There are 4 protein chains.
Amino acid sequence: MFSEIIKPRFSDTDALGHINNTLVPIWFESARDPVFRFFMPELDLQNWQLILAKIDVSFLAQMFYGKEMEIKTYISRIGGASFDVHQELWQEGIKRAEGKAVMVHYCYKEQSSKKIPEDIKEVLQQHLISVETV
Amino acid sequence: MFSEIIKPRFSDTDALGHINNTLVPIWFESARDPVFRFFMPELDLQNWQLILAKIDVSFLAQMFYGKEMEIKTYISRIGGASFDVHQELWQEGIKRAEGKAVMVHYCYKEQSSKKIPEDIKEVLQQHLISVETV
Amino acid sequence: MFSEIIKPRFSDTDALGHINNTLVPIWFESARDPVFRFFMPELDLQNWQLILAKIDVSFLAQMFYGKEMEIKTYISRIGGASFDVHQELWQEGIKRAEGKAVMVHYCYKEQSSKKIPEDIKEVLQQHLISVETV
Amino acid sequence: MFSEIIKPRFSDTDALGHINNTLVPIWFESARDPVFRFFMPELDLQNWQLILAKIDVSFLAQMFYGKEMEIKTYISRIGGASFDVHQELWQEGIKRAEGKAVMVHYCYKEQSSKKIPEDIKEVLQQHLISVETV
């Protein structure tokens with residue numbers, strides 16, 4: 001599991017006085033940095049090897065400005081060329097949002113998916129959880 | 001069906017040279033304005049009556065700066081207190097992304113869901129599609 | 001003068017019930033697209049030739065969700081390698097914000113500024129205003 | 001001086017491979033939180049007492065994804081009802097951007113500026129620098 005602490009910004013609020021829902025996919029992408037580094041240790045933008053196929057986010061409770069949040073990031077599925085990232089957003093001991101991102105190992109030059117190398121599969125495996133047990 | 005034309009911004013691009021995926025939930029929320037108006041004709045922020053329960057987005061093809069996009073918005077399910085919005089993003093004749101938003105008719109003061117009034121159900125009905133046929 | 005119509009988004013609001021100030025630099029950059037096209041007619045990202053040196057924005061009146069805005073874009077100074085863009089944001093007949101962007105004709109490969117070609121200077125000239133008279 | 005560490009996000013990059021300039025006003029607002037707390041210790045959104053009158057930002061060097069940044073926040077002027085915040089963005093030992101925000105002590109109900117109370121002036125004074133000496 002990877003943990004990232006987020007400080008919500010005043011500009012992240014919306015007119016209802018909460019954090020706007022559109023921030024969650026942004027924070028979740030940011031908190032996938034350690035997963036990106038499995039494939040590109042230096043986050044080399046010239047040699048990016050991942051593409052996002054799908055996301056879903058469930059909004060479980062309202063989120064507030066002025067209190068830190070924690071984003072927890074897990075691997076929840078490892079396939080041949082793709083894998084799933086499960087993420088949760090916690091604030092003051094309450095899970096406020098959770099979601100899944102389906103990532104694909106991808107060659108931008110050839111515009112096609114690629115098998116995930118075995119050594120990376122092993123690293124992903126170390127962060128694998130069963131979502132039912134989360 | 002509601003249609004909104006979006007002009008992607010330079011700041012919407014990312015280092016891969018495409019539009020970053022995090023913009024799609026932002027655009028989809030913006031394109032739900034006509035649906036918001038069914039419940040709050042003047043978009044009155046003091047009397048907001050909707051809450052977002054869940055979103056999913058599938059990324060089907062890369063999106064580019066410099067060309068207009070169209071967002072198509074449909075109602076795909078009408079329940080007792082909640083309903084689904086199906087949305088598609090098209091650029092140059094290609095469907096680039098699609099997704100669903102589960103919206104709930106909600107009382108922020110009582111922090112609880114409310115039945116959708118019959119007259120609003122009728123309006124939603126006029127925009128209802130079967131997602132299979134989209 | 002270039003004019004662009006902006007529809008503020010729900011996610012652009014903040015907890016004070018207005019549009020958050022951080023949107024204005026984003027909208028102003030977007031409304032400089034026609035100026036970018038003077039240098040790169042196809043907005044070719046592989047051959048970008050402009051860099052931003054400085055911005056300022058004055059916030060004159062609160063901005064609201066639910067009403068269209070107009071952004072007016074002018075050229076206010078033409079120098080040897082740089083030029084100024086003057087921009088104004090209007091909503092319901094009231095100027096809500098205005099600002100200046102100092103842009104530099106720039107070679108990213110050589111990381112140095114370049115003279116503005118004479119033919120581009122002529123096009124910029126057609127959009128030149130005296131800021132005092134705006 | 002207040003210091004805040006920022007981790008740039010993948011979605012903060014643009015097609016030139018750098019961090020897009022529009023992020024800087026967002027980060028600077030976020031790094032003004034400790035200044036907001038002088039006026040509203042709990043960041044109480046129901047009783048907000050500050051309004052932004054003007055910002056400027058100078059972009060001094062390109063900013064990159066994958067490396068932390070530090071934002072340094074100082075008070076650079078204390079007036080009757082308004083004050084200036086000077087901010088700098090550093091990455092890898094290089095000052096990449098700097099700017100000023102003119103903030104006004106403000107009553108949203110009466111829509112008018114208010115004198116800064118003496119006790120807050122004293123706190124602001126403790127963070128005052130001469131910009132020439134920065």
# chains A, B, ... in the order shown; residues from 1 in each chain; ligands from 1

call {"tool": "interface_residues", "arguments": {"of": "chain B", "to": "chain D", "cutoff": "10 Å", "atoms": "only C-alpha atoms", "output": "list in words"}}
result
Phe10, Ser11, Asp12, Thr13, Asp14, Ala15, Leu16, Gly17, His18, Ile19, Asn20, Asn21, Thr22, Leu23 and Tyr65 of chain B

call {"tool": "select_by_dssp", "arguments": {"residues": "range 16-119 of chain D", "states": "alpha helix (DSSP H)", "output": "list in words"}}
result
Leu23, Val24, Pro25, Ile26, Trp27, Phe28, Glu29, Ser30, Ala31, Asp33, Pro34, Val35, Phe36, Arg37, Phe38, Phe39, Glu118 and Asp119 of chain D

call {"tool": "residues_around", "arguments": {"residues": "range 72-89 of chain B", "least_positions_apart": "2", "cutoff": "7 Å", "atoms": "only C-alpha atoms", "output": "PyMOL selection string"}}
result
chain B and resi 1-4+28+31+69-70+91+95-105+113-116+124+127-131

call {"tool": "select_by_dssp", "arguments": {"residues": "range 19-110 of chain D", "states": "strand (DSSP E)", "output": "PyMOL selection string"}}
result
chain D and resi 50-59+69-78+82-91+94-107

call {"tool": "write_last_selection", "arguments": {"atoms": "N, CA and C atoms", "output": "short mmCIF file (atom, residue, chain, number, x, y, z; two decimals), in the first residue's frame"}}
result
data_model
loop_
_atom_site.label_atom_id
_atom_site.label_comp_id
_atom_site.auth_asym_id
_atom_site.auth_seq_id
_atom_site.Cartn_x
_atom_site.Cartn_y
_atom_site.Cartn_z
N LEU D 50 -11.51 37.79 3.59
CA LEU D 50 -10.46 38.28 2.69
C LEU D 50 -10.94 38.20 1.25
N ILE D 51 -10.49 39.14 0.45
CA ILE D 51 -10.78 39.09 -0.98
C ILE D 51 -9.48 39.42 -1.71
N LEU D 52 -9.34 38.84 -2.88
CA LEU D 52 -8.13 39.03 -3.68
C LEU D 52 -8.36 40.17 -4.65
N ALA D 53 -7.47 41.15 -4.63
CA ALA D 53 -7.64 42.30 -5.51
C ALA D 53 -6.80 42.17 -6.77
N LYS D 54 -5.60 41.60 -6.63
CA LYS D 54 -4.68 41.58 -7.78
C LYS D 54 -3.62 40.54 -7.57
N ILE D 55 -3.21 39.89 -8.64
CA ILE D 55 -2.03 39.03 -8.57
C ILE D 55 -1.10 39.38 -9.72
N ASP D 56 0.19 39.16 -9.52
CA ASP D 56 1.10 39.06 -10.66
C ASP D 56 2.04 37.90 -10.41
N VAL D 57 2.47 37.28 -11.50
CA VAL D 57 3.42 36.17 -11.43
C VAL D 57 4.45 36.34 -12.53
N SER D 58 5.73 36.24 -12.17
CA SER D 58 6.81 36.21 -13.16
C SER D 58 7.33 34.78 -13.26
N PHE D 59 7.42 34.30 -14.49
CA PHE D 59 7.89 32.94 -14.74
C PHE D 59 9.37 33.01 -15.11
N MET D 69 8.72 20.75 -5.12
CA MET D 69 8.94 22.19 -5.15
C MET D 69 8.69 22.74 -3.77
N GLU D 70 9.28 23.91 -3.52
CA GLU D 70 8.98 24.62 -2.28
C GLU D 70 8.38 25.98 -2.61
N ILE D 71 7.33 26.32 -1.93
CA ILE D 71 6.77 27.66 -2.07
C ILE D 71 7.04 28.42 -0.78
N LYS D 72 7.66 29.58 -0.93
CA LYS D 72 7.99 30.44 0.21
C LYS D 72 7.04 31.64 0.18
N THR D 73 6.45 31.93 1.31
CA THR D 73 5.41 32.96 1.40
C THR D 73 5.79 33.99 2.46
N TYR D 74 5.81 35.26 2.04
CA TYR D 74 6.18 36.38 2.92
C TYR D 74 5.10 37.47 2.84
N ILE D 75 5.05 38.31 3.83
CA ILE D 75 4.26 39.55 3.75
C ILE D 75 5.21 40.65 3.27
N SER D 76 4.78 41.40 2.26
CA SER D 76 5.69 42.42 1.72
C SER D 76 5.16 43.86 1.85
N ARG D 77 3.92 44.02 2.30
CA ARG D 77 3.37 45.36 2.54
C ARG D 77 2.18 45.22 3.46
N ILE D 78 2.04 46.14 4.41
CA ILE D 78 0.86 46.17 5.28
C ILE D 78 0.25 47.56 5.19
N SER D 82 -5.55 46.68 3.33
CA SER D 82 -5.01 45.68 2.40
C SER D 82 -3.55 45.38 2.74
N PHE D 83 -3.05 44.30 2.18
CA PHE D 83 -1.64 43.94 2.37
C PHE D 83 -1.19 43.10 1.19
N ASP D 84 0.13 43.02 1.00
CA ASP D 84 0.69 42.26 -0.11
C ASP D 84 1.38 41.01 0.40
N VAL D 85 1.20 39.93 -0.35
CA VAL D 85 1.89 38.68 -0.07
C VAL D 85 2.88 38.44 -1.20
N HIS D 86 4.15 38.25 -0.85
CA HIS D 86 5.18 37.93 -1.84
C HIS D 86 5.45 36.44 -1.77
N GLN D 87 5.47 35.76 -2.94
CA GLN D 87 5.67 34.31 -2.93
C GLN D 87 6.68 33.89 -3.99
N GLU D 88 7.42 32.85 -3.66
CA GLU D 88 8.44 32.33 -4.58
C GLU D 88 8.29 30.82 -4.68
N LEU D 89 8.54 30.32 -5.88
CA LEU D 89 8.49 28.88 -6.13
C LEU D 89 9.89 28.40 -6.50
N TRP D 90 10.42 27.50 -5.70
CA TRP D 90 11.77 26.98 -5.90
C TRP D 90 11.70 25.49 -6.24
N GLN D 91 12.55 25.07 -7.20
CA GLN D 91 12.69 23.64 -7.50
C GLN D 91 14.16 23.36 -7.78
N ILE D 94 16.61 26.35 -7.66
CA ILE D 94 16.43 27.44 -8.62
C ILE D 94 15.07 28.09 -8.40
N LYS D 95 15.04 29.42 -8.32
CA LYS D 95 13.77 30.12 -8.21
C LYS D 95 13.10 30.10 -9.59
N ARG D 96 11.94 29.47 -9.70
CA ARG D 96 11.29 29.24 -11.00
C ARG D 96 10.19 30.27 -11.27
N ALA D 97 9.60 30.79 -10.20
CA ALA D 97 8.52 31.77 -10.36
C ALA D 97 8.43 32.59 -9.09
N GLU D 98 7.92 33.82 -9.21
CA GLU D 98 7.64 34.62 -8.03
C GLU D 98 6.47 35.54 -8.34
N GLY D 99 5.80 35.97 -7.30
CA GLY D 99 4.65 36.81 -7.55
C GLY D 99 4.16 37.51 -6.32
N LYS D 100 3.19 38.37 -6.55
CA LYS D 100 2.60 39.16 -5.48
C LYS D 100 1.09 39.00 -5.53
N ALA D 101 0.48 38.90 -4.37
CA ALA D 101 -0.98 38.92 -4.28
C ALA D 101 -1.38 40.08 -3.38
N VAL D 102 -2.27 40.93 -3.87
CA VAL D 102 -2.81 42.02 -3.05
C VAL D 102 -4.13 41.53 -2.44
N MET D 103 -4.13 41.39 -1.12
CA MET D 103 -5.30 40.88 -0.40
C MET D 103 -5.96 42.04 0.34
N VAL D 104 -7.28 42.00 0.43
CA VAL D 104 -8.03 43.05 1.12
C VAL D 104 -8.87 42.42 2.23
N HIS D 105 -8.83 43.03 3.41
CA HIS D 105 -9.71 42.62 4.51
C HIS D 105 -11.10 43.10 4.12
N TYR D 106 -12.07 42.18 4.09
CA TYR D 106 -13.30 42.45 3.37
C TYR D 106 -14.50 41.87 4.09
N CYS D 107 -15.60 42.63 4.08
CA CYS D 107 -16.87 42.13 4.62
C CYS D 107 -17.78 41.76 3.46
#

call {"tool": "residues_around", "arguments": {"residues": "Glu42 in chain B", "least_positions_apart": "3", "cutoff": "9 Å", "atoms": "only C-alpha atoms", "output": "count of residues only"}}
result
3

call {"tool": "atom_distance", "arguments": {"atom1": "CA of Ile6 in chain C", "atom2": "CA of Glu68 in chain C"}}
result
5.8 Å

call {"tool": "atom_distance", "arguments": {"atom1": "CA of Lys67 in chain C", "atom2": "CA of Arg32 in chain B"}}
result
15.1 Å

call {"tool": "residues_around", "arguments": {"residues": "Asn47 in chain D", "least_positions_apart": "4", "cutoff": "9 Å", "atoms": "only C-alpha atoms", "output": "ChimeraX atom specification"}}
result
/D:40,43,107-108

call {"tool": "decode", "arguments": {"residues": "range 1-126 of chain B", "atoms": "C-alpha atoms", "output": "mmCIF file, in the first residue's frame"}}
result
data_model
loop_
_atom_site.group_PDB
_atom_site.id
_atom_site.type_symbol
_atom_site.label_atom_id
_atom_site.label_comp_id
_atom_site.auth_asym_id
_atom_site.auth_seq_id
_atom_site.Cartn_x
_atom_site.Cartn_y
_atom_site.Cartn_z
ATOM 1 C CA MET B 1 -30.032 14.427 -25.713
ATOM 2 C CA PHE B 2 -28.093 17.541 -24.784
ATOM 3 C CA SER B 3 -25.061 18.644 -26.747
ATOM 4 C CA GLU B 4 -22.259 20.895 -25.537
ATOM 5 C CA ILE B 5 -19.292 22.032 -27.593
ATOM 6 C CA ILE B 6 -15.968 22.196 -25.721
ATOM 7 C CA LYS B 7 -12.798 23.909 -26.907
ATOM 8 C CA PRO B 8 -9.878 22.108 -25.256
ATOM 9 C CA ARG B 9 -7.346 24.457 -23.682
ATOM 10 C CA PHE B 10 -3.563 24.410 -23.933
ATOM 11 C CA SER B 11 -3.505 23.920 -20.149
ATOM 12 C CA ASP B 12 -5.656 20.780 -20.612
ATOM 13 C CA THR B 13 -2.820 19.003 -22.434
ATOM 14 C CA ASP B 14 -0.274 16.864 -20.608
ATOM 15 C CA ALA B 15 3.307 15.881 -21.288
ATOM 16 C CA LEU B 16 2.212 13.076 -23.632
ATOM 17 C CA GLY B 17 0.848 15.747 -25.976
ATOM 18 C CA HIS B 18 -2.802 14.738 -25.503
ATOM 19 C CA ILE B 19 -5.603 16.083 -23.352
ATOM 20 C CA ASN B 20 -5.174 14.761 -19.830
ATOM 21 C CA ASN B 21 -7.777 12.234 -18.725
ATOM 22 C CA THR B 22 -8.687 14.216 -15.584
ATOM 23 C CA LEU B 23 -10.455 16.812 -17.738
ATOM 24 C CA VAL B 24 -13.200 14.392 -18.787
ATOM 25 C CA PRO B 25 -14.982 14.250 -15.397
ATOM 26 C CA ILE B 26 -14.784 18.060 -15.281
ATOM 27 C CA TRP B 27 -16.309 18.447 -18.749
ATOM 28 C CA PHE B 28 -18.960 15.826 -18.047
ATOM 29 C CA GLU B 29 -20.032 17.637 -14.881
ATOM 30 C CA SER B 30 -20.217 20.892 -16.823
ATOM 31 C CA ALA B 31 -22.325 19.255 -19.546
ATOM 32 C CA ARG B 32 -24.808 18.086 -16.897
ATOM 33 C CA ASP B 33 -25.919 21.719 -16.371
ATOM 34 C CA PRO B 34 -29.157 21.189 -18.363
ATOM 35 C CA VAL B 35 -29.929 18.197 -16.110
ATOM 36 C CA PHE B 36 -29.211 20.316 -13.023
ATOM 37 C CA ARG B 37 -31.741 22.841 -14.363
ATOM 38 C CA PHE B 38 -34.521 20.231 -14.253
ATOM 39 C CA PHE B 39 -34.193 20.370 -10.466
ATOM 40 C CA MET B 40 -32.994 23.965 -10.026
ATOM 41 C CA PRO B 41 -34.131 26.016 -13.052
ATOM 42 C CA GLU B 42 -31.977 29.000 -12.038
ATOM 43 C CA LEU B 43 -29.018 26.832 -10.886
ATOM 44 C CA ASP B 44 -29.646 28.363 -7.468
ATOM 45 C CA LEU B 45 -26.606 27.483 -5.354
ATOM 46 C CA GLN B 46 -28.457 28.266 -2.109
ATOM 47 C CA ASN B 47 -30.964 25.533 -2.830
ATOM 48 C CA TRP B 48 -28.918 22.793 -4.508
ATOM 49 C CA GLN B 49 -30.758 19.458 -4.583
ATOM 50 C CA LEU B 50 -28.449 16.977 -6.237
ATOM 51 C CA ILE B 51 -25.478 14.961 -5.050
ATOM 52 C CA LEU B 52 -23.120 12.770 -7.053
ATOM 53 C CA ALA B 53 -22.890 9.160 -5.866
ATOM 54 C CA LYS B 54 -20.650 7.560 -8.463
ATOM 55 C CA ILE B 55 -18.946 8.152 -11.784
ATOM 56 C CA ASP B 56 -17.205 5.927 -14.277
ATOM 57 C CA VAL B 57 -15.356 6.959 -17.416
ATOM 58 C CA SER B 58 -13.960 4.754 -20.178
ATOM 59 C CA PHE B 59 -11.156 6.281 -22.239
ATOM 60 C CA LEU B 60 -11.560 4.994 -25.801
ATOM 61 C CA ALA B 61 -9.159 7.113 -27.856
ATOM 62 C CA GLN B 62 -6.682 9.925 -27.311
ATOM 63 C CA MET B 63 -8.027 13.481 -27.295
ATOM 64 C CA PHE B 64 -6.249 16.439 -28.861
ATOM 65 C CA TYR B 65 -5.801 20.176 -28.439
ATOM 66 C CA GLY B 66 -6.763 22.459 -31.319
ATOM 67 C CA LYS B 67 -10.014 20.734 -32.348
ATOM 68 C CA GLU B 68 -13.474 21.200 -30.863
ATOM 69 C CA MET B 69 -15.180 18.386 -29.018
ATOM 70 C CA GLU B 70 -18.842 17.575 -28.525
ATOM 71 C CA ILE B 71 -20.260 16.170 -25.314
ATOM 72 C CA LYS B 72 -23.555 14.312 -25.654
ATOM 73 C CA THR B 73 -25.621 13.896 -22.496
ATOM 74 C CA TYR B 74 -28.496 11.406 -22.043
ATOM 75 C CA ILE B 75 -30.526 10.018 -19.141
ATOM 76 C CA SER B 76 -29.997 6.258 -18.957
ATOM 77 C CA ARG B 77 -31.923 5.238 -15.822
ATOM 78 C CA ILE B 78 -34.642 6.778 -13.638
ATOM 79 C CA GLY B 79 -35.046 5.334 -10.132
ATOM 80 C CA GLY B 80 -36.998 6.446 -7.080
ATOM 81 C CA ALA B 81 -34.498 8.947 -5.678
ATOM 82 C CA SER B 82 -31.608 8.536 -8.108
ATOM 83 C CA PHE B 83 -30.956 8.464 -11.853
ATOM 84 C CA ASP B 84 -28.084 7.814 -14.222
ATOM 85 C CA VAL B 85 -26.618 10.194 -16.784
ATOM 86 C CA HIS B 86 -24.825 8.667 -19.765
ATOM 87 C CA GLN B 87 -22.301 10.931 -21.502
ATOM 88 C CA GLU B 88 -20.078 10.661 -24.538
ATOM 89 C CA LEU B 89 -17.212 12.784 -25.760
ATOM 90 C CA TRP B 90 -16.708 12.990 -29.526
ATOM 91 C CA GLN B 91 -13.862 14.655 -31.444
ATOM 92 C CA GLU B 92 -13.562 14.583 -35.240
ATOM 93 C CA GLY B 93 -16.259 11.905 -35.583
ATOM 94 C CA ILE B 94 -14.643 9.506 -33.097
ATOM 95 C CA LYS B 95 -16.063 8.655 -29.687
ATOM 96 C CA ARG B 96 -13.088 9.306 -27.383
ATOM 97 C CA ALA B 97 -14.633 8.720 -23.956
ATOM 98 C CA GLU B 98 -17.926 7.750 -22.374
ATOM 99 C CA GLY B 99 -19.182 7.455 -18.864
ATOM 100 C CA LYS B 100 -21.977 7.298 -16.393
ATOM 101 C CA ALA B 101 -22.819 9.537 -13.427
ATOM 102 C CA VAL B 102 -25.178 8.321 -10.716
ATOM 103 C CA MET B 103 -26.985 11.385 -9.348
ATOM 104 C CA VAL B 104 -29.171 11.444 -6.251
ATOM 105 C CA HIS B 105 -31.981 13.874 -5.442
ATOM 106 C CA TYR B 106 -30.733 15.108 -2.086
ATOM 107 C CA CYS B 107 -31.602 17.408 0.784
ATOM 108 C CA TYR B 108 -28.357 18.967 2.075
ATOM 109 C CA LYS B 109 -30.063 20.292 5.221
ATOM 110 C CA GLU B 110 -31.379 16.874 6.270
ATOM 111 C CA GLN B 111 -28.443 15.074 4.642
ATOM 112 C CA SER B 112 -30.760 12.508 3.104
ATOM 113 C CA SER B 113 -32.051 11.451 -0.306
ATOM 114 C CA LYS B 114 -35.485 12.471 -1.525
ATOM 115 C CA LYS B 115 -37.925 11.005 -4.034
ATOM 116 C CA ILE B 116 -37.696 12.549 -7.465
ATOM 117 C CA PRO B 117 -40.963 14.531 -8.002
ATOM 118 C CA GLU B 118 -43.239 13.121 -10.701
ATOM 119 C CA ASP B 119 -43.059 16.221 -12.922
ATOM 120 C CA ILE B 120 -39.256 16.010 -13.005
ATOM 121 C CA LYS B 121 -39.447 12.279 -13.720
ATOM 122 C CA GLU B 122 -41.517 13.123 -16.774
ATOM 123 C CA VAL B 123 -38.910 15.570 -18.045
ATOM 124 C CA LEU B 124 -36.101 13.078 -17.391
ATOM 125 C CA GLN B 125 -38.168 10.487 -19.272
ATOM 126 C CA GLN B 126 -38.037 12.648 -22.404
#
